[in-house]
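Reproduced below: input-v7.cif, with mmCIF, C-alpha atoms.
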data_data
#
loop_
_atom_site.group_PDB
_atom_site.id
_atom_site.type_symbol
_atom_site.label_atom_id
_atom_site.label_comp_id
_atom_site.auth_asym_id
_atom_site.auth_seq_id
_atom_site.Cartn_x
_atom_site.Cartn_y
_atom_site.Cartn_z
ATOM 1 C CA MET D 1 122.122 105.379 115.038
ATOM 2 C CA GLU D 2 125.730 104.299 114.390
ATOM 3 C CA THR D 3 128.084 106.391 112.240
ATOM 4 C CA GLY D 4 128.102 103.736 109.516
ATOM 5 C CA SER D 5 124.317 103.800 109.373
ATOM 6 C CA TRP D 6 124.254 107.578 108.963
ATOM 7 C CA ARG D 7 126.851 107.268 106.198
ATOM 8 C CA ASP D 8 124.637 104.723 104.470
ATOM 9 C CA VAL D 9 121.625 107.036 104.711
ATOM 10 C CA GLY D 10 123.652 109.899 103.243
ATOM 11 C CA LEU D 11 124.935 107.798 100.372
ATOM 12 C CA ILE D 12 121.470 106.454 99.599
ATOM 13 C CA CYS D 13 119.984 109.979 99.590
ATOM 14 C CA TRP D 14 122.782 111.145 97.303
ATOM 15 C CA CYS D 15 122.222 108.258 94.875
ATOM 16 C CA GLY D 16 118.475 108.807 95.022
ATOM 17 C CA TRP D 17 118.988 112.468 94.173
ATOM 18 C CA ILE D 18 121.120 111.499 91.176
ATOM 19 C CA LEU D 19 118.450 109.153 89.864
ATOM 20 C CA ALA D 20 115.540 111.507 90.540
ATOM 21 C CA SER D 21 117.247 114.770 89.542
ATOM 22 C CA PRO D 22 116.225 114.784 85.838
ATOM 23 C CA LEU D 23 112.545 114.811 86.743
ATOM 24 C CA LEU D 24 113.051 117.336 89.539
ATOM 25 C CA CYS D 25 115.141 119.673 87.429
ATOM 26 C CA GLU D 26 112.695 119.564 84.549
ATOM 27 C CA ARG D 27 109.833 120.437 86.892
ATOM 28 C CA LEU D 28 111.835 123.303 88.427
ATOM 29 C CA ALA D 29 112.867 124.528 85.009
ATOM 30 C CA GLU D 30 109.262 124.399 83.853
ATOM 31 C CA LEU D 31 108.179 126.448 86.844
ATOM 32 C CA LEU D 32 110.976 128.967 86.278
ATOM 33 C CA CYS D 33 110.164 129.381 82.597
ATOM 34 C CA TRP D 34 106.471 129.759 83.406
ATOM 35 C CA SER D 35 107.249 132.500 85.968
ATOM 36 C CA VAL D 36 109.605 134.320 83.648
ATOM 37 C CA GLY D 37 107.117 134.038 80.790
ATOM 38 C CA ARG D 38 104.402 135.623 82.926
ATOM 39 C CA ALA D 39 106.730 138.552 83.608
ATOM 40 C CA GLY D 40 107.243 139.049 79.908
ATOM 41 C CA LEU D 41 110.968 138.335 80.081
ATOM 42 C CA ALA D 42 110.960 135.046 78.100
ATOM 43 C CA GLY D 43 108.958 133.013 75.655
ATOM 44 C CA ASP D 44 106.754 130.060 76.408
ATOM 45 C CA ARG D 45 107.709 127.301 78.851
ATOM 46 C CA ALA D 46 108.947 124.963 76.148
ATOM 47 C CA GLY D 47 111.569 127.460 75.087
ATOM 48 C CA CYS D 48 113.482 126.741 78.247
ATOM 49 C CA TYR D 49 114.063 123.130 77.245
ATOM 50 C CA ARG D 50 115.357 123.834 73.752
ATOM 51 C CA ASP D 51 118.489 125.385 75.226
ATOM 52 C CA GLY D 52 118.760 122.472 77.663
ATOM 53 C CA GLY D 53 120.385 124.606 80.336
ATOM 54 C CA PRO D 54 118.738 123.606 83.620
ATOM 55 C CA VAL D 55 118.433 119.949 82.652
ATOM 56 C CA LEU D 56 122.055 119.429 81.628
ATOM 57 C CA PRO D 57 123.529 119.141 85.160
ATOM 58 C CA SER D 58 121.033 116.485 86.166
ATOM 59 C CA ARG D 59 121.647 114.524 82.980
ATOM 60 C CA PHE D 60 125.359 114.800 83.584
ATOM 61 C CA CYS D 61 124.910 113.314 87.080
ATOM 62 C CA VAL D 62 122.958 110.370 85.703
ATOM 63 C CA PHE D 63 125.556 109.706 83.021
ATOM 64 C CA PHE D 64 128.330 110.068 85.586
ATOM 65 C CA TYR D 65 126.684 107.474 87.843
ATOM 66 C CA TYR D 66 126.193 105.135 84.891
ATOM 67 C CA PHE D 67 129.826 105.382 83.746
ATOM 68 C CA TRP D 68 131.014 105.024 87.331
ATOM 69 C CA ILE D 69 129.244 101.670 87.517
ATOM 70 C CA ARG D 70 130.736 100.677 84.152
ATOM 71 C CA HIS D 71 134.214 101.659 85.339
ATOM 72 C CA ILE D 72 133.934 99.486 88.456
ATOM 73 C CA TYR D 73 132.693 96.604 86.298
ATOM 74 C CA ARG D 74 135.657 96.906 83.951
ATOM 75 C CA GLU D 75 138.121 97.032 86.832
ATOM 76 C CA ASN D 76 136.509 93.905 88.241
ATOM 77 C CA ARG D 77 136.798 91.659 85.174
ATOM 78 C CA GLY D 78 138.352 88.318 86.052
ATOM 79 C CA GLY D 79 138.790 88.891 89.758
ATOM 80 C CA PRO D 80 137.675 90.651 92.941
ATOM 81 C CA GLY D 81 136.487 94.222 92.764
ATOM 82 C CA PRO D 82 138.876 97.129 93.250
ATOM 83 C CA ALA D 83 139.535 98.334 96.775
ATOM 84 C CA ALA D 84 138.075 101.703 97.709
ATOM 85 C CA ALA D 85 140.048 104.407 99.470
ATOM 86 C CA GLY D 86 138.771 103.216 102.859
ATOM 87 C CA ALA D 87 139.319 99.522 102.175
ATOM 88 C CA GLU D 88 140.706 97.252 104.827
ATOM 89 C CA GLU D 89 144.361 96.317 104.929
ATOM 90 C CA GLN D 90 144.483 93.631 102.218
ATOM 91 C CA ALA D 91 142.683 93.582 98.913
ATOM 92 C CA GLU D 92 141.790 89.903 98.533
ATOM 93 C CA PRO D 93 142.335 86.394 99.900
ATOM 94 C CA ARG D 94 145.489 84.544 98.921
ATOM 95 C CA PRO D 95 145.386 83.169 95.338
ATOM 96 C CA GLY D 96 144.511 79.484 95.060
ATOM 97 C CA ALA D 97 143.113 79.309 98.587
ATOM 98 C CA ALA D 98 140.992 76.255 99.313
ATOM 99 C CA ALA D 99 137.762 77.958 100.348
ATOM 100 C CA LEU D 100 135.031 76.692 102.664
ATOM 101 C CA LEU D 101 131.581 78.264 102.545
ATOM 102 C CA VAL D 102 129.555 77.581 105.695
ATOM 103 C CA THR D 103 125.795 78.063 105.329
ATOM 104 C CA ALA D 104 122.749 77.302 107.438
ATOM 105 C CA HIS D 105 120.274 76.077 104.801
ATOM 106 C CA PRO D 106 120.088 74.878 101.210
ATOM 107 C CA ASP D 107 119.678 77.919 98.900
ATOM 108 C CA ASP D 108 121.888 80.183 101.049
ATOM 109 C CA GLU D 109 124.789 79.435 98.712
ATOM 110 C CA CYS D 110 123.054 81.058 95.710
ATOM 111 C CA MET D 111 120.745 83.589 97.373
ATOM 112 C CA PHE D 112 123.567 85.300 99.262
ATOM 113 C CA PHE D 113 127.008 84.007 98.226
ATOM 114 C CA ALA D 114 126.771 83.397 94.451
ATOM 115 C CA PRO D 115 129.184 86.213 93.420
ATOM 116 C CA ALA D 116 131.921 84.959 95.750
ATOM 117 C CA VAL D 117 131.377 81.275 94.934
ATOM 118 C CA LEU D 118 131.448 81.785 91.164
ATOM 119 C CA ARG D 119 134.609 83.875 91.285
ATOM 120 C CA LEU D 120 136.455 81.622 93.737
ATOM 121 C CA ALA D 121 135.415 78.412 91.965
ATOM 122 C CA ALA D 122 137.095 79.717 88.817
ATOM 123 C CA ARG D 123 140.384 80.135 90.692
ATOM 124 C CA GLY D 124 140.559 77.170 93.061
ATOM 125 C CA PRO D 125 138.632 74.520 95.010
ATOM 126 C CA VAL D 126 135.503 75.604 96.875
ATOM 127 C CA HIS D 127 133.866 73.412 99.529
ATOM 128 C CA LEU D 128 130.407 73.824 101.013
ATOM 129 C CA LEU D 129 129.353 72.879 104.534
ATOM 130 C CA CYS D 130 125.579 73.209 104.898
ATOM 131 C CA LEU D 131 124.535 72.759 108.533
ATOM 132 C CA SER D 132 120.950 71.612 107.892
ATOM 133 C CA THR D 133 118.811 70.028 105.194
ATOM 134 C CA GLY D 134 116.182 72.777 105.362
ATOM 135 C CA ASN D 135 113.633 70.337 106.762
ATOM 136 C CA PHE D 136 111.331 72.909 108.376
ATOM 137 C CA TYR D 137 108.478 71.899 106.054
ATOM 138 C CA ASN D 138 109.537 68.232 105.899
ATOM 139 C CA GLN D 139 111.224 68.730 102.519
ATOM 140 C CA GLY D 140 114.739 67.856 103.644
ATOM 141 C CA GLU D 141 115.397 65.002 101.207
ATOM 142 C CA VAL D 142 114.197 67.042 98.219
ATOM 143 C CA ARG D 143 116.172 70.091 99.290
ATOM 144 C CA LYS D 144 119.382 68.073 99.577
ATOM 145 C CA LYS D 145 119.037 67.084 95.927
ATOM 146 C CA GLU D 146 118.277 70.667 94.963
ATOM 147 C CA LEU D 147 121.382 71.838 96.795
ATOM 148 C CA LEU D 148 123.620 69.409 94.908
ATOM 149 C CA GLN D 149 122.122 70.605 91.601
ATOM 150 C CA SER D 150 122.633 74.246 92.576
ATOM 151 C CA CYS D 151 126.248 73.612 93.573
ATOM 152 C CA ALA D 152 126.909 71.908 90.238
ATOM 153 C CA VAL D 153 125.700 75.056 88.443
ATOM 154 C CA LEU D 154 127.933 77.224 90.658
ATOM 155 C CA GLY D 155 130.987 75.059 90.007
ATOM 156 C CA ILE D 156 131.123 73.086 93.265
ATOM 157 C CA PRO D 157 131.316 69.314 92.634
ATOM 158 C CA SER D 158 129.213 67.008 94.797
ATOM 159 C CA SER D 159 132.390 65.568 96.342
ATOM 160 C CA CYS D 160 133.029 69.004 97.881
ATOM 161 C CA VAL D 161 129.529 69.355 99.374
ATOM 162 C CA THR D 162 128.748 68.246 102.942
ATOM 163 C CA ILE D 163 125.156 68.426 104.189
ATOM 164 C CA LEU D 164 124.544 67.813 107.877
ATOM 165 C CA ASP D 165 121.231 66.311 108.944
ATOM 166 C CA HIS D 166 120.458 67.169 112.576
ATOM 167 C CA ARG D 167 116.748 66.474 112.792
ATOM 168 C CA PHE D 168 114.601 66.548 115.892
ATOM 169 C CA PRO D 169 111.330 64.723 116.580
ATOM 170 C CA PRO D 170 108.322 66.311 114.781
ATOM 171 C CA VAL D 171 106.319 66.126 118.009
ATOM 172 C CA LEU D 172 108.621 68.795 119.422
ATOM 173 C CA ARG D 173 108.113 71.124 116.465
ATOM 174 C CA ARG D 174 104.839 72.565 117.784
ATOM 175 C CA PRO D 175 105.359 74.178 120.161
ATOM 176 C CA LEU D 176 109.065 74.429 120.963
ATOM 177 C CA SER D 177 109.317 74.385 124.727
ATOM 178 C CA SER D 178 111.749 76.629 126.557
ATOM 179 C CA TRP D 179 113.376 73.467 127.907
ATOM 180 C CA TYR D 180 114.065 72.249 124.371
ATOM 181 C CA ARG D 181 115.478 75.617 123.414
ATOM 182 C CA ARG D 182 117.988 75.277 126.256
ATOM 183 C CA LYS D 183 118.839 71.598 125.935
ATOM 184 C CA ALA D 184 118.829 70.998 122.180
ATOM 185 C CA SER D 185 122.287 70.156 120.859
ATOM 186 C CA ASP D 186 121.289 69.417 117.236
ATOM 187 C CA LEU D 187 120.789 71.878 114.389
ATOM 188 C CA PRO D 188 117.167 71.913 113.186
ATOM 189 C CA ASP D 189 116.049 74.318 110.494
ATOM 190 C CA HIS D 190 113.937 76.568 112.695
ATOM 191 C CA PRO D 191 114.137 80.355 113.236
ATOM 192 C CA GLY D 192 112.954 79.858 116.838
ATOM 193 C CA VAL D 193 115.806 77.523 117.819
ATOM 194 C CA GLN D 194 119.114 78.963 118.947
ATOM 195 C CA TRP D 195 121.858 76.758 117.552
ATOM 196 C CA ASP D 196 124.760 75.973 119.840
ATOM 197 C CA PRO D 197 127.808 77.976 118.598
ATOM 198 C CA GLU D 198 130.192 75.619 120.365
ATOM 199 C CA LEU D 199 128.793 72.613 118.497
ATOM 200 C CA ILE D 200 128.930 74.469 115.173
ATOM 201 C CA ALA D 201 132.499 75.579 115.872
ATOM 202 C CA LEU D 202 133.569 71.978 116.448
ATOM 203 C CA LEU D 203 131.926 70.846 113.207
ATOM 204 C CA ILE D 204 133.527 73.651 111.205
ATOM 205 C CA LEU D 205 136.986 73.095 112.707
ATOM 206 C CA LYS D 206 136.805 69.385 111.951
ATOM 207 C CA HIS D 207 135.885 70.176 108.346
ATOM 208 C CA ILE D 208 138.742 72.684 108.022
ATOM 209 C CA LYS D 209 141.294 70.105 109.127
ATOM 210 C CA ILE D 210 139.918 67.295 106.945
ATOM 211 C CA ARG D 211 139.704 69.434 103.804
ATOM 212 C CA ASP D 212 142.884 71.451 104.451
ATOM 213 C CA ILE D 213 140.975 74.743 104.227
ATOM 214 C CA ASN D 214 142.703 78.136 104.344
ATOM 215 C CA LEU D 215 139.703 80.415 103.650
ATOM 216 C CA VAL D 216 136.366 80.292 105.510
ATOM 217 C CA MET D 217 133.344 82.357 104.419
ATOM 218 C CA THR D 218 130.023 82.771 106.188
ATOM 219 C CA PHE D 219 127.452 85.326 107.379
ATOM 220 C CA ASP D 220 128.157 88.308 109.616
ATOM 221 C CA LYS D 221 126.423 88.914 112.935
ATOM 222 C CA THR D 222 123.239 90.173 111.239
ATOM 223 C CA GLY D 223 123.044 87.201 108.894
ATOM 224 C CA VAL D 224 121.772 89.325 105.933
ATOM 225 C CA SER D 225 118.146 88.397 106.693
ATOM 226 C CA GLY D 226 118.394 88.299 110.492
ATOM 227 C CA HIS D 227 117.645 84.552 110.621
ATOM 228 C CA ALA D 228 118.751 83.080 113.953
ATOM 229 C CA ASN D 229 120.414 80.120 112.243
ATOM 230 C CA HIS D 230 122.512 82.465 110.084
ATOM 231 C CA THR D 231 123.771 84.483 113.025
ATOM 232 C CA ALA D 232 124.603 81.311 114.967
ATOM 233 C CA VAL D 233 127.076 80.327 112.245
ATOM 234 C CA TYR D 234 128.772 83.716 112.554
ATOM 235 C CA TYR D 235 129.184 83.389 116.311
ATOM 236 C CA ALA D 236 130.682 79.935 115.849
ATOM 237 C CA VAL D 237 133.292 81.215 113.391
ATOM 238 C CA ARG D 238 133.996 84.221 115.594
ATOM 239 C CA ARG D 239 134.553 81.848 118.526
ATOM 240 C CA LEU D 240 137.132 79.939 116.485
ATOM 241 C CA CYS D 241 138.908 83.201 115.665
ATOM 242 C CA SER D 242 138.827 84.663 119.178
ATOM 243 C CA GLU D 243 140.048 81.405 120.705
ATOM 244 C CA LYS D 244 142.746 81.160 117.999
ATOM 245 C CA LYS D 245 141.690 77.665 116.987
ATOM 246 C CA LEU D 246 141.882 78.303 113.262
ATOM 247 C CA PRO D 247 145.121 77.289 111.535
ATOM 248 C CA ASN D 248 147.564 80.177 111.224
ATOM 249 C CA GLU D 249 147.241 80.323 107.440
ATOM 250 C CA CYS D 250 143.422 80.218 107.516
ATOM 251 C CA GLN D 251 141.442 83.428 106.953
ATOM 252 C CA ALA D 252 137.823 83.981 107.973
ATOM 253 C CA LEU D 253 135.592 86.304 105.930
ATOM 254 C CA VAL D 254 132.051 87.388 106.808
ATOM 255 C CA LEU D 255 129.478 88.619 104.295
ATOM 256 C CA GLU D 256 128.444 92.225 104.903
ATOM 257 C CA SER D 257 124.775 92.772 105.728
ATOM 258 C CA THR D 258 123.218 95.980 104.434
ATOM 259 C CA ASN D 259 120.097 97.921 105.301
ATOM 260 C CA VAL D 260 116.886 97.051 103.496
ATOM 261 C CA ILE D 261 117.170 99.877 100.940
ATOM 262 C CA ARG D 262 120.640 98.894 99.773
ATOM 263 C CA LYS D 263 119.659 95.240 99.837
ATOM 264 C CA TYR D 264 116.992 95.751 97.169
ATOM 265 C CA ILE D 265 118.509 98.187 94.674
ATOM 266 C CA SER D 266 120.570 95.537 92.865
ATOM 267 C CA ILE D 267 123.440 96.926 90.779
ATOM 268 C CA LEU D 268 122.685 100.509 91.838
ATOM 269 C CA ASP D 269 124.335 99.666 95.135
ATOM 270 C CA LEU D 270 127.687 99.091 93.432
ATOM 271 C CA PRO D 271 129.201 102.569 93.946
ATOM 272 C CA ILE D 272 128.025 102.581 97.585
ATOM 273 C CA SER D 273 129.581 99.165 98.173
ATOM 274 C CA TRP D 274 132.771 100.360 96.524
ATOM 275 C CA LEU D 275 132.957 103.480 98.692
ATOM 276 C CA ARG D 276 132.408 101.692 101.977
ATOM 277 C CA PRO D 277 135.318 99.881 103.680
ATOM 278 C CA HIS D 278 135.575 96.205 102.823
ATOM 279 C CA TYR D 279 138.208 93.486 102.683
ATOM 280 C CA VAL D 280 137.225 92.113 99.306
ATOM 281 C CA MET D 281 134.357 92.665 96.870
ATOM 282 C CA TYR D 282 133.056 90.258 94.221
ATOM 283 C CA ILE D 283 130.905 91.512 91.342
ATOM 284 C CA LEU D 284 129.224 89.337 88.736
ATOM 285 C CA GLN D 285 129.213 90.054 85.033
ATOM 286 C CA SER D 286 125.999 89.557 83.070
ATOM 287 C CA GLN D 287 126.716 85.949 82.074
ATOM 288 C CA GLU D 288 127.682 85.027 85.635
ATOM 289 C CA TYR D 289 124.490 86.617 86.950
ATOM 290 C CA GLN D 290 122.494 84.334 84.668
ATOM 291 C CA GLN D 291 124.459 81.435 86.138
ATOM 292 C CA ALA D 292 123.559 82.541 89.674
ATOM 293 C CA ARG D 293 119.885 82.744 88.716
ATOM 294 C CA ALA D 294 120.057 79.266 87.202
ATOM 295 C CA ALA D 295 121.462 77.978 90.489
ATOM 296 C CA MET D 296 118.545 79.477 92.407
ATOM 297 C CA TYR D 297 116.070 77.942 89.979
ATOM 298 C CA CYS D 298 117.403 74.540 91.045
ATOM 299 C CA HIS D 299 115.646 75.171 94.395
ATOM 300 C CA GLN D 300 112.143 74.686 93.021
ATOM 301 C CA THR D 301 110.625 74.096 96.471
ATOM 302 C CA GLN D 302 111.698 77.606 97.507
ATOM 303 C CA LEU D 303 110.637 79.598 94.449
ATOM 304 C CA LEU D 304 107.750 81.499 95.947
ATOM 305 C CA TRP D 305 106.761 84.774 94.296
ATOM 306 C CA PHE D 306 108.842 86.976 96.603
ATOM 307 C CA ARG D 307 111.979 84.905 95.961
ATOM 308 C CA ARG D 308 111.459 85.241 92.216
ATOM 309 C CA PHE D 309 111.254 88.998 92.772
ATOM 310 C CA TYR D 310 114.402 88.781 94.938
ATOM 311 C CA LEU D 311 116.384 87.386 91.996
ATOM 312 C CA TYR D 312 115.924 90.659 90.090
ATOM 313 C CA VAL D 313 116.305 93.275 92.813
ATOM 314 C CA SER D 314 118.746 91.915 95.399
ATOM 315 C CA ARG D 315 122.317 93.192 95.454
ATOM 316 C CA TYR D 316 123.435 89.783 96.756
ATOM 317 C CA MET D 317 122.712 88.264 93.353
ATOM 318 C CA VAL D 318 125.335 90.596 91.874
ATOM 319 C CA ILE D 319 127.563 91.979 94.659
ATOM 320 C CA ASN D 320 129.300 90.443 97.686
ATOM 321 C CA THR D 321 131.408 92.495 100.077
ATOM 322 C CA PHE D 322 133.305 90.740 102.864
ATOM 323 C CA HIS D 323 135.060 91.771 106.045
ATOM 324 C CA LEU D 324 137.972 89.953 107.638
ATOM 325 C CA LEU D 325 137.642 88.440 111.087
ATOM 326 C CA SER D 326 140.916 88.918 112.912
ATOM 327 C CA HIS D 327 142.462 86.020 114.838
#
Using structure tokens, write down the structure that the file contains.
Amino acid sequence: METGSWRDVGLICWCGWILASPLLCERLAELLCWSVGRAGLAGDRAGCYRDGGPVLPSRFCVFFYYFWIRHIYRENRGGPGPAAAGAEEQAEPRPGAAALLVTAHPDDECMFFAPAVLRLAARGPVHLLCLSTGNFYNQGEVRKKELLQSCAVLGIPSSCVTILDHRFPPVLRRPLSSWYRRKASDLPDHPGVQWDPELIALLILKHIKIRDINLVMTFDKTGVSGHANHTAVYYAVRRLCSEKKLPNECQALVLESTNVIRKYISILDLPISWLRPHYVMYILQSQEYQQARAAMYCHQTQLLWFRRFYLYVSRYMVINTFHLLSH
């Protein structure tokens, strides 16, 4: 396991101890009082709680964690989150940057990037390049309309939204032959198809030049959910950076993927995200979170039960941390 993974495990255990410690300390205190009472050195078990001694440290830890989260929230009002001690060199993208969000499917913009989009849209123009219509279940036309509605809720006008439609014949959908996997040059919504990073890189670069973009955001190499289409977008942007094809003033940010525990503890992940190195962090306030949920509800075709659950427990509905891809 990598060092970062071990650090994550340690932080999660520490946070779990903080949240569970009141119950544990009360049980230990109860056992202690019961033992002492049997020896004739103290009163009944309940007497131990009236003084509050053993339980106070655990309660203090819970209150400390709660006020720590509140402190980070207050520091974050109106802009990106504060940089932690181990933060990367800069604290945030340049003010007023024309931002381009590159996603693989409709609903990615609100399921994963809502905190960044809402904050950046309040400060400058945000453009969206969606590389497919999400036509895996032949719902592409409906999902395009849902995407435009979602973007309107997030503050991205329809004139700033580009949806690419690279379909392939339905007869090839079942099964996908190995030949098609090698030869396909389009971008179908399919987790079994490896998108061509060179093609994606060309499409992104063209969009950057047309829209005069100086900030690009997309997934990292894990793609948050591990979807092959997500990771393909990352490798395309990384190719542009490594080959120095991006304009000199253009920055590329990738959304940090977390392990499954951190992914589903919502706002409780905030101190962990703050402690870990990052280039910039975006945190939503309560009203903005409701806005992000409203954007996801525009995607009615995707609102299965587990996605409804996701809206309440995922950190990505509240927190975005990004890393900078160097040129």
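When all atoms listed in the file are used to compute distances to Asn248 of chain D, the closest of the residues D:His278, D:Asn229, D:Ile213, D:Phe219 turns out to be D:Ile213.
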Nearest to Cys110 of chain D, chosen from D:Val254, D:Ile208, D:Val260, D:Leu148, with all atoms listed in the file counted in the distances: D:Leu148
Residue contacts of Ala98 of chain D (9 Å, only C-alpha atoms) excluding same-chain residues fewer than 5 positions away, as a ChimeraX atom specification: /D:120,124-127,211-216
Quick one: residues within 12 Å of Ser225 of chain D, all atoms listed in the file counted, chain neighbours fewer than 2 positions away excluded, as number ranges by chain? D: 108, 111-112, 191, 219-223, 227-231, 255-260, 263, 314, 316
Keeping C-alpha atoms, export the residues of the selection given above as a PDB file, in the frame of the given file.
ATOM      1  CA  ASP D 108     121.888  80.183 101.049  1.00  0.00           C
ATOM      2  CA  MET D 111     120.745  83.589  97.373  1.00  0.00           C
ATOM      3  CA  PHE D 112     123.567  85.300  99.262  1.00  0.00           C
ATOM      4  CA  PRO D 191     114.137  80.355 113.236  1.00  0.00           C
ATOM      5  CA  PHE D 219     127.452  85.326 107.379  1.00  0.00           C
ATOM      6  CA  ASP D 220     128.157  88.308 109.616  1.00  0.00           C
ATOM      7  CA  LYS D 221     126.423  88.914 112.935  1.00  0.00           C
ATOM      8  CA  THR D 222     123.239  90.173 111.239  1.00  0.00           C
ATOM      9  CA  GLY D 223     123.044  87.201 108.894  1.00  0.00           C
ATOM     10  CA  HIS D 227     117.645  84.552 110.621  1.00  0.00           C
ATOM     11  CA  ALA D 228     118.751  83.080 113.953  1.00  0.00           C
ATOM     12  CA  ASN D 229     120.414  80.120 112.243  1.00  0.00           C
ATOM     13  CA  HIS D 230     122.512  82.465 110.084  1.00  0.00           C
ATOM     14  CA  THR D 231     123.771  84.483 113.025  1.00  0.00           C
ATOM     15  CA  LEU D 255     129.478  88.619 104.295  1.00  0.00           C
ATOM     16  CA  GLU D 256     128.444  92.225 104.903  1.00  0.00           C
ATOM     17  CA  SER D 257     124.775  92.772 105.728  1.00  0.00           C
ATOM     18  CA  THR D 258     123.218  95.980 104.434  1.00  0.00           C
ATOM     19  CA  ASN D 259     120.097  97.921 105.301  1.00  0.00           C
ATOM     20  CA  VAL D 260     116.886  97.051 103.496  1.00  0.00           C
ATOM     21  CA  LYS D 263     119.659  95.240  99.837  1.00  0.00           C
ATOM     22  CA  SER D 314     118.746  91.915  95.399  1.00  0.00           C
ATOM     23  CA  TYR D 316     123.435  89.783  96.756  1.00  0.00           C
TER      24      TYR D 316
END
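Using all atoms listed in the file, the nearest neighbour of Leu101 of chain D within the list D:Leu118, D:Glu146, D:Ile261, D:Cys298 is D:Leu118.
With distances restricted to all atoms listed in the file, D:Tyr297 is the closest residue to Gln149 of chain D from D:Tyr297, D:Phe113, D:Tyr312, D:Tyr234.
Minimum atom-to-atom distance to Leu284 of chain D, evaluated using all atoms listed in the file, belongs to D:Ala114 out of D:Ser150, D:Ala114, D:Ala104, D:Pro188.
Close contacts of Lys245 of chain D, defined as residues with an atom at most 10 Å away when counting all atoms listed in the file, with chain neighbours fewer than 5 positions off set aside, comprise D:Ala201, D:Leu202, D:Leu205, D:Val237, D:Arg239, D:Leu240, D:Cys250, D:His327.
Put simply, atom CA of Cys130 of chain D is 21.6 Å away from atom CA of Tyr310 of chain D.
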Which residues are near Val102 of chain D? Cut-off 7 Å, all atoms listed in the file, ignore same chain within fewer than 3 positions. Put them as a list in words. Leu128, Leu129, Cys130, Met217 and Thr218 of chain D
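Coordinates place atom CA of Leu275 of chain D at a distance of 14.0 Å from atom CA of His323 of chain D.
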Point-to-point distance in Å for atom CA of Ser273 of chain D and atom CA of Phe64 of chain D: 16.7 Å
Find the residues around Thr301 of chain D up to 9 Å (all atoms listed in the file counted), leave out those fewer than 2 positions away in its own chain, and share them as a ChimeraX atom specification. /D:139,142-143,146,298-299,303-304
Return as JSON the box centre and box size in Å, one decimal, for an axis-aligned box around all listed atoms of segment 267-276 of chain D padded by 4 Å per side.
{"center_x": 127.8, "center_y": 100.2, "center_z": 96.4, "size_x": 18.3, "size_y": 14.6, "size_z": 19.2}
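Across D:Gln194, D:Thr162, D:Gln291, D:Ser326, the tightest approach to Glu243 of chain D is made by D:Ser326 when counting all atoms listed in the file.
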